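Peer 1: Got a file for you: final_36.cif, mmCIF, C-alpha atoms and all ligand atoms.
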data_input
#
loop_
_atom_site.label_atom_id
_atom_site.label_comp_id
_atom_site.auth_asym_id
_atom_site.auth_seq_id
_atom_site.Cartn_x
_atom_site.Cartn_y
_atom_site.Cartn_z
CA MET A 60 88.48 115.40 104.66
CA LEU A 61 85.09 114.01 103.69
CA HIS A 62 83.35 114.92 100.47
CA LEU A 63 79.60 114.57 99.84
CA ARG A 64 78.55 114.05 96.23
CA CYS A 65 75.77 112.61 94.09
CA GLY A 66 76.05 108.93 93.26
CA THR A 67 76.74 107.81 89.68
CA LEU A 68 76.81 104.44 87.94
CA ALA A 69 80.52 104.27 88.89
CA ASP A 70 79.24 103.66 92.46
CA PHE A 71 77.27 100.56 91.47
CA ASP A 72 79.69 97.97 92.93
CA PHE A 73 79.87 99.87 96.24
CA LEU A 74 76.11 100.29 96.55
CA TYR A 75 75.48 96.69 95.51
CA GLN A 76 77.92 95.40 98.13
CA VAL A 77 76.31 97.50 100.89
CA ASP A 78 72.93 96.26 99.76
CA VAL A 79 73.91 92.58 99.63
CA GLU A 80 75.52 92.74 103.08
CA ASP A 81 72.20 94.13 104.37
CA GLU A 82 73.52 95.24 107.76
CA GLY A 83 70.62 95.99 110.07
CA ILE A 84 68.37 93.30 108.56
CA SER A 85 67.98 90.12 110.61
CA VAL A 86 66.31 87.81 108.08
CA ASP A 87 68.07 87.00 104.80
CA PHE A 88 65.01 87.31 102.59
CA LYS A 89 67.23 87.22 99.48
CA ALA A 90 68.56 83.72 100.29
CA ASP A 91 66.21 81.86 97.96
CA TRP A 92 66.02 84.40 95.15
CA THR A 93 66.28 83.09 91.59
CA GLU A 94 68.81 84.53 89.13
CA LYS A 95 65.92 86.43 87.50
CA GLU A 96 65.06 88.06 90.85
CA TRP A 97 68.72 88.98 91.41
CA GLU A 98 68.90 90.58 87.96
CA SER A 99 65.79 92.62 88.61
CA HIS A 100 67.29 93.64 91.95
CA ARG A 101 70.54 94.73 90.27
CA GLN A 102 68.38 96.78 87.90
CA ARG A 103 66.73 98.42 90.94
CA ILE A 104 70.18 99.29 92.35
CA ARG A 105 71.25 100.71 88.97
CA SER A 106 68.08 102.81 88.89
CA LEU A 107 69.05 104.39 92.23
CA LEU A 108 72.13 105.75 90.44
CA SER A 109 70.64 106.68 87.10
CA ASP A 110 66.88 107.20 87.31
CA ASP A 111 65.18 110.60 87.66
CA HIS A 112 62.85 109.05 90.23
CA ALA A 113 65.70 108.27 92.61
CA ALA A 114 68.61 110.01 94.31
CA THR A 115 71.82 108.69 95.85
CA PHE A 116 74.41 110.61 97.86
CA ILE A 117 77.86 109.25 98.62
CA LEU A 118 80.31 110.32 101.31
CA GLU A 119 83.89 109.84 100.20
CA ASP A 120 87.14 110.21 102.09
CA ALA A 121 88.96 112.74 99.88
CA ASP A 122 92.41 111.44 100.89
CA SER A 123 91.89 107.71 100.42
CA HIS A 124 89.06 108.03 97.83
CA CYS A 125 87.22 105.39 99.86
CA ARG A 126 83.45 105.56 99.98
CA VAL A 127 82.45 105.72 103.64
CA GLY A 128 78.70 106.30 103.55
CA VAL A 129 75.62 106.32 101.38
CA VAL A 130 71.98 107.30 101.47
CA CYS A 131 69.48 106.73 98.70
CA GLY A 132 65.79 106.98 98.09
CA PHE A 133 63.06 106.56 95.52
CA PHE A 134 60.58 109.33 94.74
CA ARG A 135 57.10 107.83 94.69
CA ASN A 136 53.45 108.79 94.38
CA ILE A 137 51.09 107.00 96.76
CA ASP A 138 48.13 107.54 94.39
CA ARG A 139 49.79 106.29 91.21
CA ASP A 140 52.56 103.78 91.94
CA THR A 141 51.75 100.09 92.33
CA PHE A 142 54.05 97.32 93.51
CA PRO A 143 53.96 93.53 93.04
CA TYR A 144 55.16 93.08 96.65
CA PRO A 145 54.06 94.47 100.07
CA THR A 146 55.51 97.89 100.93
CA GLY A 147 55.62 99.55 104.35
CA PHE A 148 54.01 102.73 103.06
CA GLY A 149 51.20 100.67 101.47
CA PHE A 150 49.87 99.99 104.99
CA LEU A 151 49.57 103.67 105.88
CA SER A 152 46.46 105.82 105.86
CA ARG A 153 46.24 108.13 102.82
CA ASP A 154 45.96 111.22 105.02
CA ILE A 155 49.54 110.77 106.24
CA PHE A 156 50.70 111.71 102.71
CA PRO A 157 50.69 115.15 101.10
CA HIS A 158 47.75 116.20 98.94
CA ASP A 159 49.70 115.53 95.70
CA GLY A 160 50.68 112.05 96.91
CA ARG A 161 54.41 112.61 96.38
CA PHE A 162 56.90 111.26 98.89
CA CYS A 163 60.41 109.85 99.14
CA GLU A 164 61.06 106.29 100.33
CA VAL A 165 64.49 105.96 101.94
CA TYR A 166 65.99 102.83 100.43
CA GLN A 167 69.42 102.65 102.03
CA LEU A 168 71.41 104.38 104.77
CA TRP A 169 74.84 103.08 105.63
CA VAL A 170 78.02 104.46 107.23
CA ASP A 171 81.34 102.60 107.39
CA PRO A 172 81.77 101.27 110.98
CA ALA A 173 85.05 103.22 111.35
CA TYR A 174 83.19 106.50 110.74
CA ARG A 175 80.07 106.00 112.88
CA ARG A 176 78.80 108.24 115.72
CA ARG A 177 80.20 111.41 114.11
CA GLY A 178 76.89 112.66 112.74
CA LEU A 179 77.48 111.31 109.22
CA GLY A 180 74.36 109.13 109.05
CA SER A 181 72.32 112.16 110.11
CA ALA A 182 74.08 114.40 107.58
CA LEU A 183 73.39 111.94 104.77
CA LYS A 184 69.74 111.74 105.67
CA CYS A 185 69.51 115.54 105.82
CA GLU A 186 70.97 115.70 102.30
CA LEU A 187 68.15 113.45 101.08
CA GLU A 188 65.67 115.77 102.80
CA TYR A 189 67.22 118.76 100.97
CA GLU A 190 66.78 116.83 97.72
CA CYS A 191 63.09 116.36 98.60
CA LEU A 192 62.77 120.10 99.16
CA ARG A 193 64.55 120.83 95.84
CA ARG A 194 61.98 118.56 94.13
CA GLY A 195 58.99 119.92 96.06
CA VAL A 196 58.36 116.56 97.73
CA GLY A 197 56.51 116.97 101.03
CA LEU A 198 57.12 113.74 102.94
CA ILE A 199 59.95 111.31 103.57
CA TYR A 200 59.26 107.71 104.63
CA THR A 201 61.56 105.13 106.17
CA HIS A 202 61.28 101.85 108.04
CA THR A 203 63.54 99.68 110.10
CA GLU A 204 63.30 96.57 112.25
CA SER A 205 61.95 97.28 115.75
CA ALA A 206 65.16 95.77 117.14
CA ASN A 207 67.24 98.58 115.52
CA LYS A 208 66.76 100.97 118.44
CA HIS A 209 69.70 103.15 117.38
CA VAL A 210 68.21 103.70 113.91
CA ILE A 211 64.87 104.62 115.49
CA ALA A 212 66.72 107.01 117.84
CA LEU A 213 68.54 108.60 114.88
CA ASN A 214 65.24 109.16 113.08
CA HIS A 215 63.52 110.63 116.14
CA ARG A 216 66.42 113.05 116.56
CA LEU A 217 65.89 114.15 112.96
CA GLY A 218 62.18 114.82 113.56
CA TYR A 219 60.62 111.61 112.21
CA ARG A 220 57.49 110.25 113.89
CA CYS A 221 56.42 106.64 114.16
CA VAL A 222 53.27 105.90 112.13
CA ARG A 223 53.07 102.10 112.26
CA VAL A 224 54.59 99.10 113.98
CA GLY A 225 54.08 95.65 112.47
CA PRO A 226 55.28 93.12 109.92
CA ILE A 227 55.53 94.16 106.25
CA TRP A 228 56.66 91.33 103.93
CA ASP A 229 57.65 88.71 106.52
CA ASP A 230 57.13 88.04 110.25
CA VAL A 231 59.69 90.60 111.43
CA GLU A 232 58.24 93.57 113.32
CA ARG A 233 59.20 96.84 111.65
CA VAL A 234 58.69 100.46 112.61
CA SER A 235 57.53 102.84 109.86
CA LEU A 236 58.48 106.50 110.35
CA VAL A 237 57.73 109.64 108.39
CA LYS A 238 58.89 113.22 108.44
CA ASP A 239 56.66 115.96 107.12
CA LEU A 240 58.71 118.41 105.06
CA ARG A 241 55.85 120.78 104.25
CA PRO A 242 55.82 124.14 106.03
CA ALA A 243 53.53 124.04 109.11
C1 LIG B 1 72.49 103.60 111.32
C2 LIG B 1 73.80 104.26 110.88
C3 LIG B 1 73.65 104.73 109.44
C4 LIG B 1 74.07 105.48 111.79
O1 LIG B 1 75.17 106.19 111.26
P1 LIG B 1 76.02 107.20 112.18
O2 LIG B 1 76.86 108.02 111.26
O3 LIG B 1 76.71 106.46 113.25
O4 LIG B 1 74.83 108.07 112.82
P2 LIG B 1 74.97 109.48 113.58
O5 LIG B 1 76.36 109.67 114.06
O6 LIG B 1 74.38 110.52 112.70
O7 LIG B 1 74.00 109.21 114.84
C5 LIG B 1 73.02 110.15 115.21
C6 LIG B 1 72.32 109.68 116.46
O8 LIG B 1 71.67 108.42 116.23
C7 LIG B 1 71.77 107.61 117.42
N1 LIG B 1 72.69 106.49 117.16
C8 LIG B 1 73.33 106.20 116.00
N2 LIG B 1 74.05 105.07 116.13
C9 LIG B 1 73.85 104.63 117.40
C10 LIG B 1 74.30 103.49 118.15
N3 LIG B 1 75.12 102.58 117.61
N4 LIG B 1 73.87 103.32 119.43
C11 LIG B 1 73.05 104.23 120.00
N5 LIG B 1 72.59 105.35 119.35
C12 LIG B 1 72.98 105.53 118.08
C13 LIG B 1 72.37 108.51 118.48
O9 LIG B 1 71.30 109.23 119.06
C14 LIG B 1 73.23 109.41 117.63
O10 LIG B 1 73.55 110.63 118.26
P3 LIG B 1 74.81 110.71 119.28
O11 LIG B 1 75.97 110.06 118.57
O12 LIG B 1 74.97 112.18 119.48
O13 LIG B 1 74.37 109.97 120.52
C15 LIG B 1 75.00 103.28 111.01
O14 LIG B 1 75.02 102.76 112.32
C16 LIG B 1 74.93 102.13 110.02
O15 LIG B 1 75.37 102.27 108.89
N6 LIG B 1 74.40 100.99 110.46
C17 LIG B 1 74.30 99.81 109.60
C18 LIG B 1 73.26 100.00 108.52
C19 LIG B 1 71.89 100.24 109.09
O16 LIG B 1 71.51 99.68 110.12
N7 LIG B 1 71.16 101.10 108.37
C20 LIG B 1 69.80 101.38 108.68
C21 LIG B 1 69.00 100.21 108.28
S1 LIG B 1 67.28 100.57 108.31
#
As structure tokens, please, write out the structure in this file.

Peer 2:
Amino acid sequence: MLHLRCGTLADFDFLYQVDVEDEGISVDFKADWTEKEWESHRQRIRSLLSDDHAATFILEDADSHCRVGVVCGFFRNIDRDTFPYPTGFGFLSRDIFPHDGRFCEVYQLWVDPAYRRRGLGSALKCELEYECLRRGVGLIYTHTESANKHVIALNHRLGYRCVRVGPIWDDVERVSLVKDLRPA
């Protein structure tokens, strides 16, 4: 049986491994990072598990206690937050975002290959949407490489719409998608 729970710092090694393996990303942009950049990245991963401005959900196989899936996101404000690097949402028109500027950026979505195509990736993403609703956050943002047609299909099935296609921090073409969580 599978069990869905909130992530904690005990999940750091798992989340870090998923992140370093970077499945679904064709260019290894971390290849020439300095140790200082890696440490700041590890801090970012820790914050996903411990910071109020982030949420992580883990799917665990209750029998084997193996972690078989994860979704996580950062809660941001388009009017207040600034970043020292290009972000996908930074390219978007302000009127895509809710009046209060608050949105969730999906940071990671991963399901163990042995458990794929059973609706788990969708269920994880829905859990992050529920977390947005619990926090009163009106928009969820995600991006993926244009080549990841199955990820784009998954998002469309969940009600996301494409708002931009183009490079973000390198030459790779990426699709930015959002889902409006505010009542119509
Ligand atoms: C993307 C990922 C999370 C999907 O997880 P999953 O549990 O298999 O997804 P679901 O079962 O919820 O799939 C929902 C729908 O998405 C689409 N989809 C998902 N994987 C697909 C695939 N490999 N090929 C075609 N369509 C696919 C289908 O429409 C699917 O519905 P269906 O199975 O009824 O046809 C998983 O493949 C993964 O971890 N990939 C590696 C990491 C990654 O690429 N993450 C996203 C990076 S931006």

Peer 1: Between A:Val196, A:Val170, A:Val231, A:Leu236, which residue has the minimum interatomic distance to Glu82 of chain A, considering all atoms listed in the file?

Peer 2: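 Nearest candidate to Glu82 of chain A out of A:Val196, A:Val170, A:Val231, A:Leu236: A:Val170.
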
Peer 1: Enclose ligand LIG 1 (chain B), meaning all of its atoms listed in the file, in a box aligned along x, y and z, pad it by 4 Å on each side, and list the centre and edge lengths in Å to one decimal, as AutoDock Vina command-line options.

Peer 2:
--center_x 72.1 --center_y 105.9 --center_z 114.4 --size_x 17.6 --size_y 20.5 --size_z 20.2

Peer 1: Chain A near ligand LIG 1 (chain B) within 12 Å: what's each residue's closest atom pair and its distance in Å to one decimal, counting all atoms listed in the file, ordered by chain then ascending residue number, as a Markdown table?

Peer 2:
| residue | atom | partner | partner_atom | distance |
| --- | --- | --- | --- | --- |
| A:Val77 | CA | B:LIG1 | C18 | 8.6 |
| A:Asp78 | CA | B:LIG1 | C18 | 9.5 |
| A:Val79 | CA | B:LIG1 | C18 | 11.6 |
| A:Glu80 | CA | B:LIG1 | C18 | 9.3 |
| A:Asp81 | CA | B:LIG1 | C18 | 7.3 |
| A:Glu82 | CA | B:LIG1 | C18 | 4.8 |
| A:Gly83 | CA | B:LIG1 | O16 | 3.8 |
| A:Ile84 | CA | B:LIG1 | C21 | 6.9 |
| A:Ser85 | CA | B:LIG1 | O16 | 10.2 |
| A:Leu118 | CA | B:LIG1 | O2 | 10.8 |
| A:Val127 | CA | B:LIG1 | O15 | 9.5 |
| A:Gly128 | CA | B:LIG1 | O15 | 7.5 |
| A:Val129 | CA | B:LIG1 | C3 | 8.4 |
| A:Val130 | CA | B:LIG1 | C3 | 8.5 |
| A:Cys131 | CA | B:LIG1 | N7 | 11.3 |
| A:Glu164 | CA | B:LIG1 | S1 | 11.6 |
| A:Val165 | CA | B:LIG1 | S1 | 8.8 |
| A:Tyr166 | CA | B:LIG1 | S1 | 8.3 |
| A:Gln167 | CA | B:LIG1 | C21 | 6.7 |
| A:Leu168 | CA | B:LIG1 | N7 | 4.9 |
| A:Trp169 | CA | B:LIG1 | O15 | 3.4 |
| A:Val170 | CA | B:LIG1 | O15 | 3.8 |
| A:Asp171 | CA | B:LIG1 | O15 | 6.2 |
| A:Pro172 | CA | B:LIG1 | O15 | 6.8 |
| A:Ala173 | CA | B:LIG1 | O3 | 9.1 |
| A:Tyr174 | CA | B:LIG1 | O2 | 6.5 |
| A:Arg175 | CA | B:LIG1 | O3 | 3.4 |
| A:Arg176 | CA | B:LIG1 | O5 | 3.3 |
| A:Arg177 | CA | B:LIG1 | O5 | 4.2 |
| A:Gly178 | CA | B:LIG1 | O6 | 3.3 |
| A:Leu179 | CA | B:LIG1 | O2 | 3.9 |
| A:Gly180 | CA | B:LIG1 | O2 | 3.5 |
| A:Ser181 | CA | B:LIG1 | O6 | 3.7 |
| A:Ala182 | CA | B:LIG1 | O6 | 6.4 |
| A:Leu183 | CA | B:LIG1 | O6 | 8.1 |
| A:Lys184 | CA | B:LIG1 | O6 | 8.5 |
| A:Cys185 | CA | B:LIG1 | O6 | 9.8 |
| A:Tyr200 | CA | B:LIG1 | S1 | 11.4 |
| A:Thr201 | CA | B:LIG1 | S1 | 7.6 |
| A:His202 | CA | B:LIG1 | S1 | 6.1 |
| A:Thr203 | CA | B:LIG1 | S1 | 4.2 |
| A:Glu204 | CA | B:LIG1 | S1 | 6.9 |
| A:Ser205 | CA | B:LIG1 | S1 | 9.7 |
| A:Ala206 | CA | B:LIG1 | O16 | 10.2 |
| A:Asn207 | CA | B:LIG1 | O16 | 7.0 |
| A:Lys208 | CA | B:LIG1 | C11 | 7.3 |
| A:His209 | CA | B:LIG1 | C12 | 4.1 |
| A:Val210 | CA | B:LIG1 | C1 | 5.0 |
| A:Ile211 | CA | B:LIG1 | C7 | 7.8 |
| A:Ala212 | CA | B:LIG1 | C7 | 5.1 |
| A:Leu213 | CA | B:LIG1 | O8 | 3.4 |
| A:Asn214 | CA | B:LIG1 | O8 | 7.2 |
| A:His215 | CA | B:LIG1 | O9 | 8.4 |
| A:Arg216 | CA | B:LIG1 | O9 | 6.7 |
| A:Leu217 | CA | B:LIG1 | C5 | 8.5 |
| A:Gly218 | CA | B:LIG1 | C6 | 11.7 |
| A:Arg233 | CA | B:LIG1 | S1 | 9.5 |
| A:Val234 | CA | B:LIG1 | S1 | 9.6 |
| A:Ser235 | CA | B:LIG1 | S1 | 10.1 |
| A:Leu236 | CA | B:LIG1 | S1 | 10.8 |

Peer 1: Just how far from atom CA of Gly225 of chain A is atom CA of Asp239 of chain A, in Å to one decimal?

Peer 2: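 Result for atom CA of Asp239 of chain A versus atom CA of Gly225 of chain A: 21.2 Å, one decimal.
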
Peer 1: What is the distance between atom CA of His112 of chain A and atom CA of Arg139 of chain A, in Å to one decimal?

Peer 2: 13.4 Å

Peer 1: Which of these residues is nearest to Leu108 of chain A, using only C-alpha atoms: A:Phe73, A:Phe148, A:Phe88, A:Phe162?

Peer 2: A:Phe73

Peer 1: Pick from A:Leu151, A:Leu63, A:Cys125, A:Cys191: nearest to Ala113 of chain A, with all atoms listed in the file counted?

Peer 2: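 Selected residue with least distance to Ala113 of chain A: A:Cys191.
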
Peer 1: Looking at A:Phe142, A:Lys238, A:Glu232, A:His124, which one is nearest to Arg220 of chain A, with distances taken over all atoms listed in the file?

Peer 2: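 Under the stated criterion, the closest residue is A:Lys238.
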
Peer 1: Mind giving me the straight-line distance from atom CA of Tyr144 of chain A to atom CA of Trp228 of chain A in Å, one decimal?

Peer 2: 7.6 Å
